[in-house]
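Participant: Coordinates in target_10.cif, mmCIF, C-alpha atoms, are listed below.
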data_input
#
loop_
_atom_site.group_PDB
_atom_site.id
_atom_site.type_symbol
_atom_site.label_atom_id
_atom_site.label_comp_id
_atom_site.auth_asym_id
_atom_site.auth_seq_id
_atom_site.Cartn_x
_atom_site.Cartn_y
_atom_site.Cartn_z
ATOM 1 C CA MET A 1 137.463 32.808 149.587
ATOM 2 C CA ALA A 2 135.780 35.040 147.025
ATOM 3 C CA ALA A 3 138.527 37.600 147.499
ATOM 4 C CA LEU A 4 141.164 35.029 146.656
ATOM 5 C CA ALA A 5 139.449 34.310 143.341
ATOM 6 C CA ARG A 6 139.710 37.940 142.197
ATOM 7 C CA ASP A 7 142.697 39.252 140.279
ATOM 8 C CA ASP A 8 145.074 41.692 141.880
ATOM 9 C CA PRO A 9 144.389 45.272 140.783
ATOM 10 C CA ALA A 10 146.612 46.692 138.081
ATOM 11 C CA ARG A 11 149.808 47.994 139.617
ATOM 12 C CA PRO A 12 153.131 49.339 138.317
ATOM 13 C CA VAL A 13 156.211 47.304 139.195
ATOM 14 C CA ARG A 14 159.677 48.765 138.736
ATOM 15 C CA TRP A 15 162.392 46.169 138.458
ATOM 16 C CA GLY A 16 165.527 47.228 140.258
ATOM 17 C CA ALA A 17 168.334 44.922 141.385
ATOM 18 C CA ARG A 18 166.741 44.383 144.796
ATOM 19 C CA ALA A 19 163.321 43.635 143.288
ATOM 20 C CA ILE A 20 164.801 41.102 140.876
ATOM 21 C CA ALA A 21 166.691 39.382 143.706
ATOM 22 C CA LEU A 22 163.556 39.201 145.859
ATOM 23 C CA PHE A 23 161.504 37.888 142.951
ATOM 24 C CA ALA A 24 164.100 35.182 142.217
ATOM 25 C CA ALA A 25 164.054 34.213 145.895
ATOM 26 C CA ARG A 26 160.262 33.926 145.828
ATOM 27 C CA VAL A 27 160.417 31.756 142.700
ATOM 28 C CA LEU A 28 162.905 29.438 144.392
ATOM 29 C CA ALA A 29 160.826 29.325 147.574
ATOM 30 C CA TRP A 30 157.671 28.392 145.668
ATOM 31 C CA GLY A 31 159.608 26.011 143.444
ATOM 32 C CA VAL A 32 160.496 23.667 146.299
ATOM 33 C CA PRO A 33 156.917 22.615 147.245
ATOM 34 C CA LEU A 34 155.647 22.877 143.659
ATOM 35 C CA PHE A 35 158.336 20.610 142.232
ATOM 36 C CA ALA A 36 157.733 18.202 145.111
ATOM 37 C CA ALA A 37 154.010 18.154 144.253
ATOM 38 C CA TRP A 38 154.874 17.707 140.569
ATOM 39 C CA TYR A 39 157.059 14.726 141.425
ATOM 40 C CA LEU A 40 154.237 13.138 143.420
ATOM 41 C CA ALA A 41 151.783 13.825 140.569
ATOM 42 C CA THR A 42 154.091 12.395 137.902
ATOM 43 C CA ALA A 43 151.831 9.444 137.090
ATOM 44 C CA PRO A 44 148.607 11.355 136.250
ATOM 45 C CA LEU A 45 150.493 14.087 134.393
ATOM 46 C CA SER A 46 152.433 11.475 132.435
ATOM 47 C CA ILE A 47 149.324 9.497 131.550
ATOM 48 C CA ALA A 48 147.516 12.631 130.342
ATOM 49 C CA SER A 49 150.412 13.893 128.232
ATOM 50 C CA GLY A 50 151.177 10.395 126.941
ATOM 51 C CA TRP A 51 147.586 9.888 125.808
ATOM 52 C CA VAL A 52 147.699 13.097 123.763
ATOM 53 C CA ALA A 53 151.123 12.178 122.347
ATOM 54 C CA ALA A 54 149.791 8.789 121.266
ATOM 55 C CA ARG A 55 146.901 10.462 119.431
ATOM 56 C CA LEU A 56 149.364 12.772 117.673
ATOM 57 C CA ALA A 57 151.410 9.755 116.605
ATOM 58 C CA GLU A 58 148.316 8.076 115.209
ATOM 59 C CA LEU A 59 147.555 11.182 113.159
ATOM 60 C CA ALA A 60 151.072 11.844 111.859
ATOM 61 C CA MET A 61 152.613 8.370 111.477
ATOM 62 C CA PRO A 62 151.748 5.330 109.337
ATOM 63 C CA VAL A 63 150.317 3.423 112.296
ATOM 64 C CA ASP A 64 146.868 2.096 113.103
ATOM 65 C CA ARG A 65 147.022 2.287 116.899
ATOM 66 C CA VAL A 66 149.477 3.493 119.527
ATOM 67 C CA PRO A 67 148.495 2.143 122.952
ATOM 68 C CA VAL A 68 150.453 3.771 125.757
ATOM 69 C CA ARG A 69 151.016 2.709 129.351
ATOM 70 C CA TYR A 70 152.829 4.188 132.339
ATOM 71 C CA ARG A 71 155.427 1.925 133.906
ATOM 72 C CA GLY A 72 158.224 2.665 136.349
ATOM 73 C CA GLY A 73 158.292 6.410 135.720
ATOM 74 C CA SER A 74 158.356 5.999 131.943
ATOM 75 C CA LEU A 75 155.770 5.931 129.191
ATOM 76 C CA VAL A 76 155.783 2.876 126.934
ATOM 77 C CA PHE A 77 154.265 3.344 123.478
ATOM 78 C CA ASP A 78 153.384 0.246 121.432
ATOM 79 C CA ALA A 79 153.015 1.439 117.843
ATOM 80 C CA GLU A 80 151.138 -0.916 115.519
ATOM 81 C CA PRO A 81 152.153 -0.253 111.881
ATOM 82 C CA ASP A 82 149.399 0.214 109.311
ATOM 83 C CA GLU A 83 148.647 -2.336 106.593
ATOM 84 C CA GLN A 84 150.760 -0.616 103.953
ATOM 85 C CA THR A 85 153.834 -0.619 106.193
ATOM 86 C CA LEU A 86 153.273 -4.275 107.106
ATOM 87 C CA TRP A 87 152.876 -5.237 103.447
ATOM 88 C CA ARG A 88 155.914 -3.265 102.252
ATOM 89 C CA ASN A 89 158.146 -4.850 104.895
ATOM 90 C CA ARG A 90 156.519 -8.313 104.770
ATOM 91 C CA LEU A 91 155.726 -8.226 108.482
ATOM 92 C CA PRO A 92 153.130 -10.266 110.369
ATOM 93 C CA ALA A 93 149.958 -8.489 111.401
ATOM 94 C CA ALA A 94 150.653 -8.790 115.154
ATOM 95 C CA VAL A 95 153.800 -6.656 115.111
ATOM 96 C CA ALA A 96 154.012 -3.779 117.615
ATOM 97 C CA LEU A 97 157.037 -1.501 117.963
ATOM 98 C CA GLU A 98 157.928 -0.327 121.445
ATOM 99 C CA ALA A 99 159.222 3.156 122.230
ATOM 100 C CA ARG A 100 159.975 4.445 125.724
ATOM 101 C CA ALA A 101 159.980 8.087 126.779
ATOM 102 C CA ASN A 102 160.649 9.972 129.992
ATOM 103 C CA PRO A 103 157.699 12.369 130.498
ATOM 104 C CA MET A 104 159.333 14.255 133.369
ATOM 105 C CA GLN A 105 161.783 16.046 131.078
ATOM 106 C CA PHE A 106 158.787 17.612 129.307
ATOM 107 C CA THR A 107 156.279 18.242 132.135
ATOM 108 C CA CYS A 108 158.835 19.995 134.375
ATOM 109 C CA SER A 109 157.755 23.274 132.770
ATOM 110 C CA ILE A 110 154.437 23.197 134.694
ATOM 111 C CA PRO A 111 155.780 23.652 138.270
ATOM 112 C CA PHE A 112 158.228 26.279 137.011
ATOM 113 C CA PHE A 113 155.343 28.243 135.474
ATOM 114 C CA LEU A 114 153.285 27.984 138.671
ATOM 115 C CA ALA A 115 156.269 29.148 140.734
ATOM 116 C CA LEU A 116 156.579 32.242 138.516
ATOM 117 C CA VAL A 117 152.858 32.951 138.864
ATOM 118 C CA LEU A 118 152.739 32.605 142.650
ATOM 119 C CA ALA A 119 155.968 34.522 143.091
ATOM 120 C CA THR A 120 154.298 37.429 141.296
ATOM 121 C CA SER A 121 151.020 37.374 143.214
ATOM 122 C CA LEU A 122 149.310 35.205 145.817
ATOM 123 C CA ARG A 123 146.034 36.098 144.099
ATOM 124 C CA PRO A 124 146.711 35.342 140.425
ATOM 125 C CA ALA A 125 144.175 35.163 137.633
ATOM 126 C CA TRP A 126 143.299 31.505 138.095
ATOM 127 C CA ARG A 127 141.674 31.128 134.694
ATOM 128 C CA ARG A 128 144.814 32.318 132.924
ATOM 129 C CA THR A 129 146.938 30.170 135.222
ATOM 130 C CA VAL A 130 144.970 27.018 134.426
ATOM 131 C CA MET A 131 145.051 27.831 130.717
ATOM 132 C CA GLY A 132 148.812 28.357 130.859
ATOM 133 C CA ALA A 133 149.331 25.030 132.615
ATOM 134 C CA GLY A 134 147.111 23.381 129.986
ATOM 135 C CA VAL A 135 149.201 24.865 127.177
ATOM 136 C CA LEU A 136 152.360 23.532 128.827
ATOM 137 C CA LEU A 137 150.788 20.091 129.127
ATOM 138 C CA LEU A 138 150.042 20.152 125.387
ATOM 139 C CA LEU A 139 153.612 21.232 124.664
ATOM 140 C CA ALA A 140 154.829 18.338 126.816
ATOM 141 C CA SER A 141 152.643 16.000 124.754
ATOM 142 C CA ALA A 142 154.175 17.399 121.568
ATOM 143 C CA GLY A 143 157.639 16.768 122.976
ATOM 144 C CA LEU A 144 156.727 13.187 123.796
ATOM 145 C CA TYR A 145 155.367 12.739 120.284
ATOM 146 C CA PHE A 146 158.627 14.015 118.752
ATOM 147 C CA ASP A 147 160.566 11.644 121.014
ATOM 148 C CA VAL A 148 158.463 8.631 119.984
ATOM 149 C CA HIS A 149 158.439 9.532 116.296
ATOM 150 C CA LEU A 150 162.213 10.017 116.283
ATOM 151 C CA GLN A 151 162.759 6.625 117.888
ATOM 152 C CA LEU A 152 160.419 4.809 115.515
ATOM 153 C CA ALA A 153 161.823 6.567 112.446
ATOM 154 C CA GLN A 154 165.186 4.949 113.242
ATOM 155 C CA VAL A 155 163.839 1.385 113.468
ATOM 156 C CA PRO A 156 165.307 -0.659 110.589
ATOM 157 C CA GLY A 157 163.116 -2.853 108.437
ATOM 158 C CA PRO A 158 163.900 -6.395 107.297
ATOM 159 C CA GLY A 159 165.750 -5.054 104.255
ATOM 160 C CA GLY A 160 168.022 -2.796 106.300
ATOM 161 C CA GLY A 161 166.299 0.455 105.434
ATOM 162 C CA PRO A 162 164.012 2.370 107.800
ATOM 163 C CA LEU A 163 160.791 0.572 108.634
ATOM 164 C CA PHE A 164 158.727 3.747 108.282
ATOM 165 C CA ALA A 165 159.051 5.736 105.077
ATOM 166 C CA THR A 166 160.150 9.108 106.473
ATOM 167 C CA GLY A 167 161.778 11.645 104.179
ATOM 168 C CA PRO A 168 165.059 13.351 105.151
ATOM 169 C CA LEU A 169 163.396 16.738 105.666
ATOM 170 C CA ALA A 170 160.726 15.193 107.867
ATOM 171 C CA ARG A 171 163.385 13.437 109.948
ATOM 172 C CA GLU A 172 165.275 16.711 110.390
ATOM 173 C CA ALA A 173 162.072 18.498 111.426
ATOM 174 C CA ILE A 174 161.251 15.770 113.954
ATOM 175 C CA ALA A 175 164.792 15.882 115.371
ATOM 176 C CA LEU A 176 164.604 19.686 115.619
ATOM 177 C CA GLY A 177 161.228 19.475 117.359
ATOM 178 C CA PHE A 178 162.665 16.999 119.841
ATOM 179 C CA GLN A 179 165.676 19.211 120.572
ATOM 180 C CA LEU A 180 163.497 22.281 121.091
ATOM 181 C CA SER A 181 161.099 20.312 123.294
ATOM 182 C CA THR A 182 163.857 19.097 125.582
ATOM 183 C CA LEU A 183 166.248 22.064 125.668
ATOM 184 C CA LEU A 184 164.268 25.281 125.166
ATOM 185 C CA VAL A 185 160.535 24.764 125.665
ATOM 186 C CA PRO A 186 160.677 23.642 129.350
ATOM 187 C CA VAL A 187 162.523 26.857 130.247
ATOM 188 C CA LEU A 188 161.275 29.476 127.792
ATOM 189 C CA ALA A 189 157.604 28.508 127.412
ATOM 190 C CA PRO A 190 156.758 29.040 131.122
ATOM 191 C CA ILE A 191 158.444 32.450 131.048
ATOM 192 C CA VAL A 192 156.592 33.502 127.888
ATOM 193 C CA LEU A 193 153.229 32.347 129.243
ATOM 194 C CA TRP A 194 153.872 34.010 132.603
ATOM 195 C CA ALA A 195 154.814 37.297 130.927
ATOM 196 C CA ALA A 196 151.786 37.131 128.630
ATOM 197 C CA GLY A 197 149.522 36.562 131.627
ATOM 198 C CA GLU A 198 150.827 39.641 133.419
ATOM 199 C CA GLY A 199 148.862 41.974 131.151
ATOM 200 C CA ARG A 200 147.382 43.825 134.138
ATOM 201 C CA THR A 201 150.793 44.471 135.676
ATOM 202 C CA ARG A 202 153.031 47.053 134.036
ATOM 203 C CA ILE A 203 156.634 45.936 134.364
ATOM 204 C CA LEU A 204 158.897 48.949 134.054
ATOM 205 C CA PRO A 205 162.674 49.268 134.115
ATOM 206 C CA GLY A 206 164.373 51.344 136.750
ATOM 207 C CA ARG A 207 163.570 51.976 140.361
ATOM 208 C CA GLU A 208 161.250 49.831 142.423
ATOM 209 C CA ALA A 209 157.631 50.722 143.103
ATOM 210 C CA GLY A 210 157.211 53.169 145.927
ATOM 211 C CA GLU A 211 160.415 55.089 145.240
ATOM 212 C CA GLY A 212 160.094 58.688 144.321
ATOM 213 C CA GLY A 213 160.724 60.258 140.912
#
Just dump the structure as structure tokens.
Facilitator:
Amino acid sequence: MAALARDDPARPVRWGARAIALFAARVLAWGVPLFAAWYLATAPLSIASGWVAARLAELAMPVDRVPVRYRGGSLVFDAEPDEQTLWRNRLPAAVALEARANPMQFTCSIPFFLALVLATSLRPAWRRTVMGAGVLLLLASAGLYFDVHLQLAQVPGPGGGPLFATGPLAREAIALGFQLSTLLVPVLAPIVLWAAGEGRTRILPGREAGEGG
């Protein structure tokens, strides 16, 4: 067991066409059980990322509290506007605004990252692997926050204008953050973290390791 905890020794890897094909096959092979495990662990991952997203919303939005609950595969955020927002819109104190988000579209980066790691080595650097998964969980929380903030920024107040006073630049930034979090981060962030964690492996173009020359 102690041997499994040690990193692989530094080794040169030359990426030829055959090596790339074999690596892609290993990623796919590891992806099947890892994505299955991710699907079964959706609830705890969603609750963890949703809790962080709710704290981000409390920091960045004019709300007092944002309770969050997991229900039917979705996260339900109940944002309670702060006193200034209630007073400006003449709302009762018991108002809570509901926003729903699908956490799976953000946390799917975690099994992809683990598949890349295990396809590279069966004895990875576990500390770096855990840290990478933690970073991806935080990025998933940020994506959930952008989703919730974007939904709540579009809620109309009694007068017809937006309930929350959000400037046009802020709305554009939130929308951009949401687009990046759903379209690019789940694919690119795992690759970047995997590549950064391979500091002890020199990845070289050309012929595969073991070939002469």
Participant: With a distance cut-off of 8 Å and all atoms listed in the file, select the neighbouring residues of segment 61-64 of chain A, excluding the residue or stretch itself and same-chain residues fewer than 2 positions from it, and output the selection as a PyMOL selection string.
Facilitator: chain A and resi 57-59+66+79-82+85+149+164
Participant: Residues as selected, C-alpha atoms, written as a PDB file, keeping the file's coordinate frame, can you do that?
Facilitator:
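The file below, again-v1.pdb, is the result:
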ATOM      1  CA  ALA A  57     151.410   9.755 116.605  1.00  0.00           C
ATOM      2  CA  GLU A  58     148.316   8.076 115.209  1.00  0.00           C
ATOM      3  CA  LEU A  59     147.555  11.182 113.159  1.00  0.00           C
ATOM      4  CA  VAL A  66     149.477   3.493 119.527  1.00  0.00           C
ATOM      5  CA  ALA A  79     153.015   1.439 117.843  1.00  0.00           C
ATOM      6  CA  GLU A  80     151.138  -0.916 115.519  1.00  0.00           C
ATOM      7  CA  PRO A  81     152.153  -0.253 111.881  1.00  0.00           C
ATOM      8  CA  ASP A  82     149.399   0.214 109.311  1.00  0.00           C
ATOM      9  CA  THR A  85     153.834  -0.619 106.193  1.00  0.00           C
ATOM     10  CA  HIS A 149     158.439   9.532 116.296  1.00  0.00           C
ATOM     11  CA  PHE A 164     158.727   3.747 108.282  1.00  0.00           C
TER      12      PHE A 164
END
Participant: Enclose segment 101-112 of chain A, meaning all of its atoms listed in the file, in a box aligned along x, y and z, pad it by 8 Å on each side, and list the centre and edge lengths in Å to one decimal, as lines of an AutoDock Vina configuration file.
Facilitator:
center_x = 158.1
center_y = 17.2
center_z = 132.5
size_x = 23.3
size_y = 34.2
size_z = 27.5
Participant: With a cut-off of 6 Å, could you pull out the residues of segment 30-67 of chain A touching segment 100-118 of chain A and give me the nearest pair of atoms for each, distance in Å to one decimal, using all atoms listed in the file, ordered by chain and ascending number, as a tab-separated table?
Facilitator:
residue	atom	partner	partner_atom	distance
A:Trp30	CA	A:Ala115	CA	5.2
A:Gly31	CA	A:Ala115	CA	5.3
A:Leu34	CA	A:Pro111	CA	5.4
A:Phe35	CA	A:Pro111	CA	5.6
A:Ser46	CA	A:Pro103	CA	5.7
Participant: Could you check how far atom CA of Ser181 of chain A sits from atom CA of Ala125 of chain A, in Å to one decimal?
Facilitator: 26.7 Å
Participant: Here is a test: counting all atoms listed in the file, which residue of A:Ile191, A:Met131, A:Leu163, A:Ile47 is nearest to Leu144 of chain A?
Facilitator: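 Using all atoms listed in the file, the shortest distance to Leu144 of chain A belongs to A:Ile47.
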Participant: Go through A:Gly50, A:Pro186, A:Gly16, A:Gly143 and flag the residue nearest Val76 of chain A, using all atoms listed in the file for the distances.
Facilitator: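 Comparing A:Gly50, A:Pro186, A:Gly16, A:Gly143 against Val76 of chain A, the winner is A:Gly50.
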Participant: Grab the atom CA of Ala36 of chain A to atom CA of Arg69 of chain A distance for me, in Å with one decimal place.
Facilitator: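 One can read the atom CA of Ala36 of chain A to atom CA of Arg69 of chain A distance as 23.1 Å.
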